[in-house]
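Student: Supplied structure: start-v6.csv, CSV, N, CA and C atoms.
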```
chain,number,residue,atom,x,y,z
I,214,MET,N,11.9,-8.8,5.9
I,214,MET,CA,12.4,-7.5,6.3
I,214,MET,C,13.8,-7.7,6.9
I,215,LYS,N,14.6,-6.8,6.7
I,215,LYS,CA,16.0,-6.9,7.2
I,215,LYS,C,16.1,-6.8,8.7
I,216,HIS,N,15.4,-5.7,9.2
I,216,HIS,CA,15.5,-5.5,10.7
I,216,HIS,C,14.1,-5.5,11.3
I,217,PRO,N,13.7,-6.5,11.9
I,217,PRO,CA,12.3,-6.5,12.5
I,217,PRO,C,12.1,-5.4,13.5
I,218,ARG,N,11.0,-4.8,13.4
I,218,ARG,CA,10.6,-3.7,14.3
I,218,ARG,C,9.7,-4.3,15.4
I,219,MET,N,10.1,-4.3,16.7
I,219,MET,CA,9.4,-4.9,17.8
I,219,MET,C,8.5,-3.9,18.5
I,220,LYS,N,8.8,-2.6,18.3
I,220,LYS,CA,8.0,-1.5,18.9
I,220,LYS,C,7.1,-0.9,17.8
I,221,PRO,N,5.9,-0.4,18.2
I,221,PRO,CA,5.1,0.3,17.1
I,221,PRO,C,5.8,1.5,16.6
I,222,TYR,N,5.6,1.8,15.3
I,222,TYR,CA,6.1,3.0,14.7
I,222,TYR,C,5.4,4.2,15.3
I,223,THR,N,6.0,5.4,15.3
I,223,THR,CA,5.3,6.6,15.7
I,223,THR,C,4.6,7.1,14.4
I,224,TYR,N,3.8,8.1,14.6
I,224,TYR,CA,3.1,8.8,13.5
I,224,TYR,C,4.1,9.3,12.4
I,225,ILE,N,5.2,9.9,12.9
I,225,ILE,CA,6.2,10.4,11.9
I,225,ILE,C,7.0,9.2,11.4
I,226,GLY,N,7.4,8.3,12.2
I,226,GLY,CA,8.2,7.2,11.8
I,226,GLY,C,7.6,6.3,10.7
I,227,ILE,N,6.3,6.0,10.8
I,227,ILE,CA,5.7,5.1,9.8
I,227,ILE,C,5.7,5.8,8.4
I,228,ARG,N,5.6,7.1,8.4
I,228,ARG,CA,5.6,7.8,7.1
I,228,ARG,C,6.9,7.9,6.4
I,229,ARG,N,8.0,7.4,7.1
I,229,ARG,CA,9.3,7.3,6.5
I,229,ARG,C,9.5,6.0,5.8
I,230,LYS,N,8.6,5.1,5.9
I,230,LYS,CA,8.7,3.7,5.5
I,230,LYS,C,7.9,3.5,4.2
I,231,LYS,N,8.2,2.4,3.5
I,231,LYS,CA,7.5,1.9,2.3
I,231,LYS,C,6.7,0.7,2.7
I,232,CYS,N,5.6,0.5,2.0
I,232,CYS,CA,4.7,-0.6,2.3
I,232,CYS,C,5.5,-1.9,2.0
I,233,ALA,N,5.4,-2.8,2.9
I,233,ALA,CA,6.1,-4.1,2.8
I,233,ALA,C,5.5,-5.0,1.7
I,234,ARG,N,4.3,-4.7,1.3
I,234,ARG,CA,3.7,-5.5,0.2
I,234,ARG,C,3.9,-4.9,-1.2
I,235,CYS,N,3.6,-3.6,-1.3
I,235,CYS,CA,3.6,-3.0,-2.7
I,235,CYS,C,4.7,-2.0,-2.9
I,236,GLY,N,5.3,-1.5,-1.8
I,236,GLY,CA,6.3,-0.5,-2.0
I,236,GLY,C,5.8,1.0,-2.0
I,237,ALA,N,4.5,1.2,-1.8
I,237,ALA,CA,4.0,2.5,-1.8
I,237,ALA,C,4.3,3.2,-0.4
I,238,GLN,N,4.0,4.4,-0.3
I,238,GLN,CA,4.3,5.1,1.0
I,238,GLN,C,3.4,4.5,2.1
I,239,ALA,N,4.1,4.1,3.2
I,239,ALA,CA,3.4,3.5,4.3
I,239,ALA,C,2.6,4.5,5.1
I,240,THR,N,1.5,4.2,5.6
I,240,THR,CA,0.7,5.0,6.5
I,240,THR,C,0.1,4.3,7.7
I,241,GLU,N,0.2,3.0,7.6
I,241,GLU,CA,-0.3,2.1,8.7
I,241,GLU,C,0.7,1.1,9.1
I,242,GLN,N,0.4,0.3,10.1
I,242,GLN,CA,1.3,-0.8,10.5
I,242,GLN,C,0.5,-2.0,10.8
I,243,TRP,N,1.2,-3.2,10.6
I,243,TRP,CA,0.5,-4.5,10.8
I,243,TRP,C,1.4,-5.3,11.7
I,244,GLN,N,0.7,-6.0,12.6
I,244,GLN,CA,1.4,-6.9,13.5
I,244,GLN,C,0.7,-8.3,13.5
I,245,ILE,N,1.5,-9.4,13.5
I,245,ILE,CA,0.9,-10.7,13.5
I,245,ILE,C,1.8,-11.6,14.3
I,246,CYS,N,1.2,-12.5,15.0
I,246,CYS,CA,1.9,-13.5,15.9
I,246,CYS,C,2.9,-14.3,15.1
I,247,ALA,N,2.5,-14.7,13.9
I,247,ALA,CA,3.4,-15.6,13.1
I,247,ALA,C,4.7,-15.0,12.7
I,248,LEU,N,4.8,-13.7,12.7
I,248,LEU,CA,6.0,-13.0,12.4
I,248,LEU,C,6.8,-12.6,13.7
I,249,GLY,N,6.4,-13.2,14.8
I,249,GLY,CA,7.1,-12.9,16.1
I,249,GLY,C,6.7,-11.5,16.6
I,250,ARG,N,5.5,-11.1,16.3
I,250,ARG,CA,4.9,-9.9,16.7
I,250,ARG,C,5.7,-8.6,16.3
I,251,GLN,N,6.4,-8.7,15.2
I,251,GLN,CA,7.1,-7.6,14.6
I,251,GLN,C,6.1,-6.6,13.9
I,252,TYR,N,6.4,-5.4,13.9
I,252,TYR,CA,5.5,-4.4,13.2
I,252,TYR,C,6.0,-4.2,11.8
I,253,VAL,N,5.0,-4.2,10.9
I,253,VAL,CA,5.4,-4.2,9.4
I,253,VAL,C,4.6,-3.0,8.9
I,254,PRO,N,5.3,-2.1,8.2
I,254,PRO,CA,4.7,-0.9,7.5
I,254,PRO,C,3.9,-1.3,6.3
I,255,ILE,N,2.7,-0.8,6.2
I,255,ILE,CA,1.8,-1.0,5.0
I,255,ILE,C,1.2,0.3,4.6
I,256,CYS,N,0.8,0.4,3.3
I,256,CYS,CA,0.1,1.6,2.8
I,256,CYS,C,-1.4,1.5,3.1
I,257,ARG,N,-2.1,2.6,2.9
I,257,ARG,CA,-3.5,2.7,3.1
I,257,ARG,C,-4.3,1.6,2.3
I,258,GLU,N,-3.9,1.5,1.0
I,258,GLU,CA,-4.7,0.6,0.2
I,258,GLU,C,-4.5,-0.9,0.6
I,259,CYS,N,-3.3,-1.3,0.9
I,259,CYS,CA,-3.0,-2.6,1.4
I,259,CYS,C,-3.7,-2.9,2.8
I,260,ASP,N,-3.7,-1.9,3.6
I,260,ASP,CA,-4.4,-2.0,4.9
I,260,ASP,C,-5.9,-2.3,4.7
I,261,ILE,N,-6.5,-1.6,3.8
I,261,ILE,CA,-7.9,-1.8,3.6
I,261,ILE,C,-8.2,-3.2,3.1
I,262,VAL,N,-7.4,-3.7,2.1
I,262,VAL,CA,-7.5,-5.0,1.6
I,262,VAL,C,-7.3,-6.1,2.7
I,263,LEU,N,-6.2,-5.9,3.5
I,263,LEU,CA,-5.9,-6.8,4.6
I,263,LEU,C,-7.0,-6.9,5.6
I,264,ASN,N,-7.6,-5.8,6.0
I,264,ASN,CA,-8.7,-5.8,6.9
I,264,ASN,C,-9.9,-6.5,6.3
I,265,SER,N,-10.2,-6.3,5.1
I,265,SER,CA,-11.3,-6.9,4.4
I,265,SER,C,-11.1,-8.5,4.4
I,266,VAL,N,-9.9,-8.9,4.0
I,266,VAL,CA,-9.6,-10.3,4.0
I,266,VAL,C,-9.8,-11.0,5.3
I,267,VAL,N,-9.3,-10.4,6.4
I,267,VAL,CA,-9.4,-10.9,7.7
I,267,VAL,C,-10.8,-11.0,8.2
I,268,LEU,N,-11.6,-9.9,8.0
I,268,LEU,CA,-13.0,-9.9,8.4
I,268,LEU,C,-13.8,-11.0,7.6
I,269,ASP,N,-13.5,-11.1,6.4
I,269,ASP,CA,-14.1,-12.2,5.6
I,269,ASP,C,-13.8,-13.6,6.1
I,270,PHE,N,-12.5,-13.8,6.4
I,270,PHE,CA,-12.1,-15.1,6.9
I,270,PHE,C,-12.8,-15.4,8.2
I,271,MET,N,-12.9,-14.4,9.0
I,271,MET,CA,-13.6,-14.6,10.3
I,271,MET,C,-15.1,-14.7,10.3
I,272,HIS,N,-15.7,-14.5,9.1
I,272,HIS,CA,-17.1,-14.4,8.9
I,272,HIS,C,-17.7,-13.4,9.9
I,273,TRP,N,-17.1,-12.2,9.9
I,273,TRP,CA,-17.5,-11.2,10.9
I,273,TRP,C,-18.9,-10.6,10.5
I,274,PRO,N,-19.8,-10.6,11.4
I,274,PRO,CA,-21.1,-10.0,11.1
I,274,PRO,C,-21.0,-8.5,10.7
I,275,GLY,N,-21.8,-8.1,9.7
I,275,GLY,CA,-21.8,-6.7,9.3
I,275,GLY,C,-20.5,-6.3,8.6
I,276,MET,N,-19.7,-7.2,8.1
I,276,MET,CA,-18.5,-6.9,7.4
I,276,MET,C,-18.6,-5.8,6.4
I,277,VAL,N,-19.6,-5.8,5.5
I,277,VAL,CA,-19.7,-4.9,4.5
I,277,VAL,C,-19.8,-3.5,5.0
I,278,GLY,N,-20.7,-3.3,6.0
I,278,GLY,CA,-20.9,-2.0,6.6
I,278,GLY,C,-19.6,-1.5,7.3
I,279,ILE,N,-19.0,-2.4,8.0
I,279,ILE,CA,-17.7,-2.1,8.7
I,279,ILE,C,-16.7,-1.6,7.8
I,280,MET,N,-16.5,-2.3,6.7
I,280,MET,CA,-15.5,-1.9,5.7
I,280,MET,C,-15.8,-0.6,5.0
I,281,LYS,N,-17.1,-0.4,4.7
I,281,LYS,CA,-17.5,0.9,4.1
I,281,LYS,C,-17.1,2.1,5.0
I,282,LYS,N,-17.4,1.9,6.3
I,282,LYS,CA,-17.1,3.0,7.3
I,282,LYS,C,-15.6,3.1,7.4
I,283,TYR,N,-14.8,2.0,7.4
I,283,TYR,CA,-13.4,2.0,7.6
I,283,TYR,C,-12.8,2.7,6.4
I,284,GLN,N,-13.2,2.4,5.2
I,284,GLN,CA,-12.7,3.1,4.0
I,284,GLN,C,-12.9,4.6,4.0
I,285,GLN,N,-14.1,5.0,4.4
I,285,GLN,CA,-14.4,6.4,4.5
I,285,GLN,C,-13.5,7.1,5.5
I,286,GLU,N,-13.2,6.4,6.6
I,286,GLU,CA,-12.3,7.0,7.7
I,286,GLU,C,-10.9,7.2,7.1
I,287,LYS,N,-10.5,6.3,6.2
I,287,LYS,CA,-9.1,6.3,5.7
I,287,LYS,C,-8.9,7.2,4.6
I,288,GLN,N,-9.9,7.8,4.1
I,288,GLN,CA,-9.8,8.7,2.9
I,288,GLN,C,-9.3,10.1,3.4
```
Do you think you could lay out the structure here as structure tokens?

Tutor:
Amino acid sequence: MKHPRMKPYTYIGIRRKKCARCGAQATEQWQICALGRQYVPICRECDIVLNSVVLDFMHWPGMVGIMKKYQQEKQ
């Protein structure tokens, strides 16, 4: 990213951005320590995949049920 965002995007601000992964309209934001805690805009679909990958990596109990509920909330 050209200009790292160190503060969270507002509801309106995030919708002005494109997903850092696929280029679709951003609706969510992601933050990770490895990127210096910068906020990165992502779309709904990439957000769902990212959450699923992280929960799977963590061997989180009840992951399938959690992701079903999360996907329903994001529709």

Student: What's around Val253 (chain I) at 6 Å? Count all atoms listed in the file, leave out sequence neighbours fewer than 5 positions away in its own chain, and write the answer as a ChimeraX atom specification.

Tutor: /I:241-244

Student: Hey, what's within 5 Å of Ile227 (chain I) if we count only N, CA and C atoms and toss same-chain stuff fewer than 4 positions away? As a list of chain:residue names, please?

Tutor: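 These residues fall inside the cut-off: I:Tyr222, I:Thr223, I:Ala239.
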
Student: Would you export the selected residues with N, CA and C atoms as a PDB file, in the frame of the given file, please?

Tutor:
```pdb
ATOM      1  N   TYR I 222       5.600   1.800  15.300  1.00  0.00           N
ATOM      2  CA  TYR I 222       6.100   3.000  14.700  1.00  0.00           C
ATOM      3  C   TYR I 222       5.400   4.200  15.300  1.00  0.00           C
ATOM      4  N   THR I 223       6.000   5.400  15.300  1.00  0.00           N
ATOM      5  CA  THR I 223       5.300   6.600  15.700  1.00  0.00           C
ATOM      6  C   THR I 223       4.600   7.100  14.400  1.00  0.00           C
ATOM      7  N   ALA I 239       4.100   4.100   3.200  1.00  0.00           N
ATOM      8  CA  ALA I 239       3.400   3.500   4.300  1.00  0.00           C
ATOM      9  C   ALA I 239       2.600   4.500   5.100  1.00  0.00           C
TER      10      ALA I 239
END
```

Student: What lies within 7 Å of Ile261 (chain I) using only N, CA and C atoms, ignoring chain neighbours under 5 positions off, as a tab-separated table (two decimals) with N, CA and C atoms, in the coordinates of the input?

Tutor:
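Listing of selection-v3.tsv after writing:
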```
chain	number	residue	atom	x	y	z
I	256	CYS	N	0.80	0.40	3.30
I	256	CYS	CA	0.10	1.60	2.80
I	256	CYS	C	-1.40	1.50	3.10
I	266	VAL	N	-9.90	-8.90	4.00
I	266	VAL	CA	-9.60	-10.30	4.00
I	266	VAL	C	-9.80	-11.00	5.30
I	284	GLN	N	-13.20	2.40	5.20
I	284	GLN	CA	-12.70	3.10	4.00
I	284	GLN	C	-12.90	4.60	4.00
```

Student: Mind giving me the straight-line distance from CA of Lys231 (chain I) to CA of Gly249 (chain I) in Å, one decimal?

Tutor: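 These atoms are spaced 20.2 Å apart.
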
Student: Which distance in Å separates CA of Val277 (chain I) and atom N of Asp260 (chain I), to one decimal?

Tutor: 16.3 Å
